[in-house]
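Q: Got a structure for you, run.txt, holding compact mmCIF, C-alpha atoms.
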```txt
# COMPACT_ATOMS: atom_id res chain seq x y z
CA MET A 1418 69.83 -43.62 2.66
CA ILE A 1419 72.10 -44.66 5.55
CA ARG A 1420 71.42 -42.45 8.59
CA VAL A 1421 74.54 -42.10 10.77
CA LEU A 1422 75.23 -40.95 14.33
CA VAL A 1423 78.85 -40.18 15.33
CA VAL A 1424 79.81 -40.63 19.01
CA ASP A 1425 83.34 -39.52 19.93
CA ASP A 1426 84.66 -37.17 22.61
CA ASN A 1427 87.40 -35.73 20.37
CA PRO A 1428 85.99 -32.86 18.24
CA ILE A 1429 88.85 -33.17 15.76
CA VAL A 1430 88.12 -36.87 15.20
CA ARG A 1431 84.40 -36.16 14.93
CA GLY A 1432 85.08 -33.46 12.38
CA ALA A 1433 87.26 -35.78 10.30
CA LEU A 1434 84.66 -38.55 10.37
CA LEU A 1435 81.85 -36.17 9.46
CA GLY A 1436 83.92 -34.85 6.57
CA ILE A 1437 84.45 -38.35 5.19
CA LEU A 1438 80.79 -39.29 5.61
CA ALA A 1439 79.61 -36.08 3.97
CA GLY A 1440 81.36 -37.12 0.77
CA ASP A 1441 79.06 -40.13 0.34
CA PRO A 1442 75.69 -39.25 -1.24
CA GLY A 1443 74.19 -42.40 0.25
CA VAL A 1444 74.87 -41.25 3.82
CA GLU A 1445 72.87 -38.78 5.90
CA ILE A 1446 74.55 -37.43 9.05
CA LEU A 1447 71.92 -37.30 11.79
CA ALA A 1448 73.86 -36.00 14.76
CA GLU A 1449 77.07 -36.13 16.76
CA ALA A 1450 77.66 -36.77 20.46
CA ALA A 1451 80.64 -36.29 22.78
CA ASN A 1452 80.11 -39.22 25.16
CA GLY A 1453 78.25 -42.49 25.52
CA ARG A 1454 75.35 -41.03 27.46
CA GLU A 1455 74.68 -38.36 24.84
CA GLY A 1456 75.05 -40.97 22.11
CA LEU A 1457 72.54 -43.30 23.74
CA HIS A 1458 69.99 -40.51 24.13
CA ALA A 1459 70.45 -39.51 20.47
CA ALA A 1460 70.12 -43.10 19.27
CA ARG A 1461 66.89 -43.60 21.22
CA ARG A 1462 65.44 -40.43 19.73
CA LEU A 1463 66.72 -40.64 16.14
CA ARG A 1464 67.11 -44.40 15.52
CA PRO A 1465 70.13 -44.11 13.18
CA THR A 1466 70.94 -46.90 10.76
CA VAL A 1467 74.57 -46.95 11.90
CA THR A 1468 76.33 -45.43 14.91
CA LEU A 1469 80.09 -44.84 14.87
CA LEU A 1470 81.12 -45.38 18.50
CA ASP A 1471 84.38 -44.53 20.25
CA HIS A 1472 85.36 -46.35 23.44
CA ARG A 1473 87.40 -44.03 25.68
CA MET A 1474 85.02 -41.18 26.50
CA PRO A 1475 84.06 -39.26 29.65
CA ILE A 1476 80.79 -39.78 31.55
CA ALA A 1477 80.03 -43.07 29.77
CA ASP A 1478 82.49 -45.01 27.63
CA GLY A 1479 81.64 -47.11 24.61
CA LEU A 1480 81.62 -50.47 26.35
CA SER A 1481 79.22 -49.27 29.06
CA VAL A 1482 76.53 -48.27 26.53
CA ILE A 1483 76.99 -50.55 23.54
CA GLY A 1484 74.68 -53.30 24.81
CA THR A 1485 71.76 -50.87 25.03
CA LEU A 1486 72.83 -48.86 22.00
CA ALA A 1487 72.75 -51.98 19.82
CA GLN A 1488 69.01 -52.27 20.49
CA TYR A 1489 68.41 -49.10 18.48
CA THR A 1490 71.14 -49.07 15.83
CA SER A 1491 73.89 -51.10 14.18
CA VAL A 1492 77.14 -50.20 15.94
CA LEU A 1493 80.49 -49.74 14.24
CA VAL A 1494 83.18 -49.26 16.90
CA MET A 1495 85.94 -46.86 15.89
CA THR A 1496 88.68 -46.44 18.47
CA SER A 1497 92.43 -46.32 18.91
CA ASP A 1498 92.21 -49.19 21.41
CA ASP A 1499 93.24 -52.54 19.94
CA ASP A 1500 93.18 -54.52 23.20
CA PRO A 1501 91.89 -58.04 22.39
CA GLN A 1502 89.79 -58.20 25.55
CA LEU A 1503 88.04 -54.94 24.70
CA ILE A 1504 87.43 -56.11 21.14
CA SER A 1505 85.99 -59.37 22.44
CA ASP A 1506 83.75 -57.56 24.92
CA MET A 1507 82.53 -55.13 22.26
CA LEU A 1508 81.68 -57.93 19.84
CA ARG A 1509 79.90 -59.92 22.54
CA GLN A 1510 77.88 -56.83 23.49
CA GLY A 1511 76.63 -56.36 19.94
CA ALA A 1512 79.17 -54.50 17.80
CA ARG A 1513 78.74 -55.31 14.11
CA GLY A 1514 82.07 -53.79 13.16
CA TYR A 1515 85.35 -52.71 14.72
CA LEU A 1516 87.91 -50.37 13.16
CA VAL A 1517 91.16 -49.18 14.75
CA HIS A 1518 92.19 -45.59 14.08
CA GLY A 1519 95.32 -45.40 11.95
CA GLU A 1520 94.67 -48.77 10.33
CA PHE A 1521 92.16 -47.73 7.68
CA GLU A 1522 91.70 -45.15 4.93
CA PRO A 1523 88.53 -43.12 4.23
CA PRO A 1524 87.29 -45.49 1.49
CA GLU A 1525 87.41 -48.42 3.94
CA LEU A 1526 85.41 -46.44 6.49
CA LEU A 1527 82.66 -45.85 3.94
CA ARG A 1528 82.69 -49.51 2.90
CA ALA A 1529 82.43 -50.49 6.56
CA VAL A 1530 79.46 -48.16 7.10
CA HIS A 1531 77.65 -49.63 4.10
CA ALA A 1532 78.45 -53.19 5.18
CA VAL A 1533 77.22 -52.67 8.73
CA ALA A 1534 74.10 -50.88 7.46
CA SER A 1535 73.25 -53.93 5.35
CA GLY A 1536 73.64 -56.32 8.28
CA ARG A 1537 77.13 -57.56 7.49
CA GLY A 1538 80.20 -57.24 9.70
CA TRP A 1539 83.39 -55.30 9.08
CA LEU A 1540 86.49 -55.90 11.18
CA SER A 1541 90.02 -54.56 11.18
CA PRO A 1542 92.69 -57.31 10.99
CA ILE A 1543 93.22 -57.52 14.75
CA ALA A 1544 89.48 -57.53 15.40
CA ALA A 1545 89.02 -60.28 12.82
CA SER A 1546 91.71 -62.30 14.62
CA VAL A 1547 89.91 -61.85 17.95
CA ALA A 1548 86.59 -62.87 16.37
CA ALA A 1549 88.18 -66.03 14.96
CA SER A 1550 89.62 -66.84 18.39
CA MET A 1551 86.18 -66.34 19.96
CA LEU A 1552 84.67 -68.82 17.52
CA ARG A 1553 87.37 -71.38 18.31
CA ASP A 1554 86.83 -70.89 22.03
CA GLN A 1555 83.07 -71.31 21.63
CA HIS A 1556 83.56 -74.51 19.65
CA GLN A 1557 85.96 -75.90 22.24
CA ALA A 1558 83.64 -74.90 25.08
CA ARG A 1559 80.72 -76.67 23.42
CA ALA A 1560 82.87 -79.77 22.96
CA ARG A 1561 83.95 -79.73 26.61
CA HIS A 1562 80.41 -79.06 27.72
CA ALA A 1563 79.11 -82.10 25.85
CA ALA A 1564 81.91 -84.33 27.13
CA ARG A 1565 81.61 -83.77 30.88
CA PRO A 1566 78.99 -84.02 33.62
CA ARG A 1567 77.44 -80.67 34.49
CA PHE A 1568 76.85 -81.43 38.19
CA GLY A 1569 73.49 -79.71 37.79
CA LEU A 1570 75.09 -76.30 37.28
CA THR A 1571 73.09 -73.62 35.48
CA ASP A 1572 74.59 -71.88 32.43
CA ARG A 1573 75.45 -68.82 34.54
CA GLU A 1574 77.09 -70.97 37.21
CA GLU A 1575 79.19 -72.57 34.49
CA ASP A 1576 80.20 -69.10 33.30
CA VAL A 1577 81.31 -68.24 36.81
CA MET A 1578 83.25 -71.50 37.14
CA THR A 1579 85.00 -70.96 33.81
CA LEU A 1580 86.29 -67.57 34.96
CA LEU A 1581 87.13 -68.90 38.41
CA CYS A 1582 89.34 -71.51 36.74
CA GLN A 1583 91.14 -68.66 34.96
CA GLY A 1584 92.14 -67.26 38.34
CA LEU A 1585 89.79 -64.28 38.36
CA SER A 1586 88.65 -62.72 41.62
CA ASN A 1587 84.98 -62.25 42.48
CA ALA A 1588 85.28 -58.59 41.50
CA SER A 1589 86.81 -59.45 38.13
CA ILE A 1590 84.19 -62.14 37.47
CA ALA A 1591 81.46 -59.64 38.32
CA HIS A 1592 82.93 -57.09 35.91
CA ARG A 1593 83.32 -59.62 33.11
CA LEU A 1594 79.78 -60.99 33.46
CA ARG A 1595 78.25 -57.60 34.31
CA LEU A 1596 76.98 -58.85 37.68
CA THR A 1597 77.33 -57.59 41.24
CA GLU A 1598 79.95 -59.16 43.51
CA LYS A 1599 77.15 -60.33 45.80
CA THR A 1600 75.52 -62.20 42.90
CA VAL A 1601 78.84 -63.82 42.01
CA LYS A 1602 79.31 -64.90 45.63
CA ASN A 1603 75.82 -66.41 45.66
CA HIS A 1604 76.54 -68.32 42.43
CA LEU A 1605 79.78 -69.67 43.91
CA ASN A 1606 78.01 -70.82 47.07
CA HIS A 1607 75.55 -72.76 44.90
CA VAL A 1608 78.41 -74.18 42.82
CA PHE A 1609 80.34 -75.31 45.90
CA ALA A 1610 77.25 -77.11 47.18
CA LYS A 1611 76.62 -78.87 43.86
CA LEU A 1612 80.27 -79.88 43.48
CA GLY A 1613 80.49 -81.00 47.09
CA VAL A 1614 83.46 -78.75 47.91
CA ARG A 1615 84.23 -76.01 50.44
CA SER A 1616 86.83 -73.81 48.76
CA ARG A 1617 87.70 -72.17 45.45
CA THR A 1618 90.73 -74.43 45.03
CA GLU A 1619 88.68 -77.59 45.59
CA ALA A 1620 86.05 -76.31 43.15
CA VAL A 1621 88.65 -75.72 40.44
CA ILE A 1622 90.18 -79.17 40.94
CA ARG A 1623 86.78 -80.85 40.93
CA TRP A 1624 85.60 -78.97 37.84
CA THR A 1625 88.78 -79.27 35.75
CA SER A 1626 89.13 -82.98 36.55
CA GLN A 1627 86.19 -83.51 34.21
CA LEU A 1628 88.03 -81.99 31.25
CA GLY A 1629 90.02 -85.12 30.71
```
As structure tokens, please, write out the structure in this file.

A:
Amino acid sequence: MIRVLVVDDNPIVRGALLGILAGDPGVEILAEAANGREGLHAARRLRPTVTLLDHRMPIADGLSVIGTLAQYTSVLVMTSDDDPQLISDMLRQGARGYLVHGEFEPPELLRAVHAVASGRGWLSPIAASVAASMLRDQHQARARHAARPRFGLTDREEDVMTLLCQGLSNASIAHRLRLTEKTVKNHLNHVFAKLGVRSRTEAVIRWTSQLG
């Protein structure tokens, strides 16, 4: 029996999802929640097999809780948001599946629930495209990593440098890596010392010159 928790702030959407799930004899509906905080509390208490998780919710959105939520349950994100960055962040934080409202029929939802419950992934077309792009980026990053000197940088310092080279501010880097701005600033100070530079521009030039 697949035990399911539904987390969505829209009662109409929750009702529709519960109606679809109720038609599958292999699914038991454990509970529903209207925001990420409620969902996290329910998951800790009930340990569902699968949690259907929306993103845009009050109090705590899906992205803010998914990393912790994924420790207790397999997460299938179901949202109207098809932003590639959000999809990437959700997958990196532990989502096993990602469906976009309006792009699937009830039978696909049930197949996705069963797939995620069994440890497999299930992605809508745009999410699958993002996942493929992530794999390519990881492969390219590994290739670049192996081909250049590291200057003694730690893995986290390299993460910071990668985002710095993309033009992100300290605040944006902190948000992306889930760090404080002070921690990012400390990492950059260490990076500047190891690269032998004094500014962000010099650091980018020094770092990217090793890409060949």

Q: Find the nearest atom pair between each residue of segment 1593-1621 of chain A and segment 1570-1588 of chain A for residues within 6 Å, count only C-alpha atoms, give distances in Å to one decimal, sort rows by chain and ascending number, and present the table as a Markdown table.

A:
```
| residue | atom | partner | partner_atom | distance |
| --- | --- | --- | --- | --- |
| A:Glu1598 | CA | A:Ala1588 | CA | 5.7 |
| A:His1604 | CA | A:Glu1574 | CA | 5.9 |
| A:Val1621 | CA | A:Cys1582 | CA | 5.6 |
```

Q: With only C-alpha atoms as the basis for distance, which of A:Gly1443, A:Gly1514, A:Gly1453, A:Pro1428 is at the shortest distance from Ser1481 of chain A?

A: A:Gly1453

Q: Using all atoms listed in the file and a cutoff of 9 Å, can you tell me which residues are near (87.0, -60.2, 19.1) in the file's coordinates, and write them out as a list of chain:residue names?

A: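 Neighbouring residues, ordered by chain and number, come to A:Pro1501, A:Gln1502, A:Leu1503, A:Ile1504, A:Ser1505, A:Asp1506, A:Met1507, A:Leu1508, A:Arg1509, A:Tyr1515, A:Ile1543, A:Ala1544, A:Ala1545, A:Ser1546, A:Val1547, A:Ala1548, A:Ala1549, A:Ser1550, A:Met1551.
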
Q: Give me the residues near segment 1469-1474 of chain A as a list in words, where near means some atom within 8 Å (using only C-alpha atoms) and where sequence neighbours in that chain fewer than 2 positions away do not count.

A: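 So, after excluding close chain neighbours, the residues are Val1421, Leu1422, Val1423, Val1424, Asp1425, Asp1426, Ala1451, Asn1452, Gly1453, Val1467, Ile1476, Ala1477, Asp1478, Gly1479, Leu1480, Val1492, Leu1493, Val1494, Met1495, Thr1496 and Asp1498 of chain A.
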
Q: Write out as number ranges by chain the residues lying within 12 Å of Leu1435 of chain A, counting all atoms listed in the file and excluding same-chain residues fewer than 2 positions away.

A: A: 1421-1425, 1428-1433, 1437-1441, 1444-1450, 1469, 1523, 1526-1527

Q: Between atom CA of Thr1490 of chain A and atom CA of Arg1461 of chain A, what distance in Å does the model show, to one decimal?

A: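 One can read the atom CA of Thr1490 of chain A to atom CA of Arg1461 of chain A distance as 8.8 Å.
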
Q: Name the closest residue to Leu1540 of chain A among the candidates A:Lys1599, A:Arg1593, A:Glu1522, A:Val1517; distances are taken between atoms, counting all atoms listed in the file.

A: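 For Leu1540 of chain A, the nearest of the given residues is A:Val1517.
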
Q: Step by step, gather every atom of segment 1539-1548 of chain A that the file lists, find the box along x, y and z that holds them, add 3 Å on each side, and finally give centre and edge lengths in Å to one decimal, as JSON.

A:
```
{"center_x": 88.3, "center_y": -58.7, "center_z": 13.5, "size_x": 15.8, "size_y": 14.3, "size_z": 14.9}
```

Q: Taking all atoms listed in the file into account, which of A:Arg1623, A:Tyr1489, A:Ala1534, A:Arg1528 comes nearest Met1418 of chain A?

A: A:Ala1534
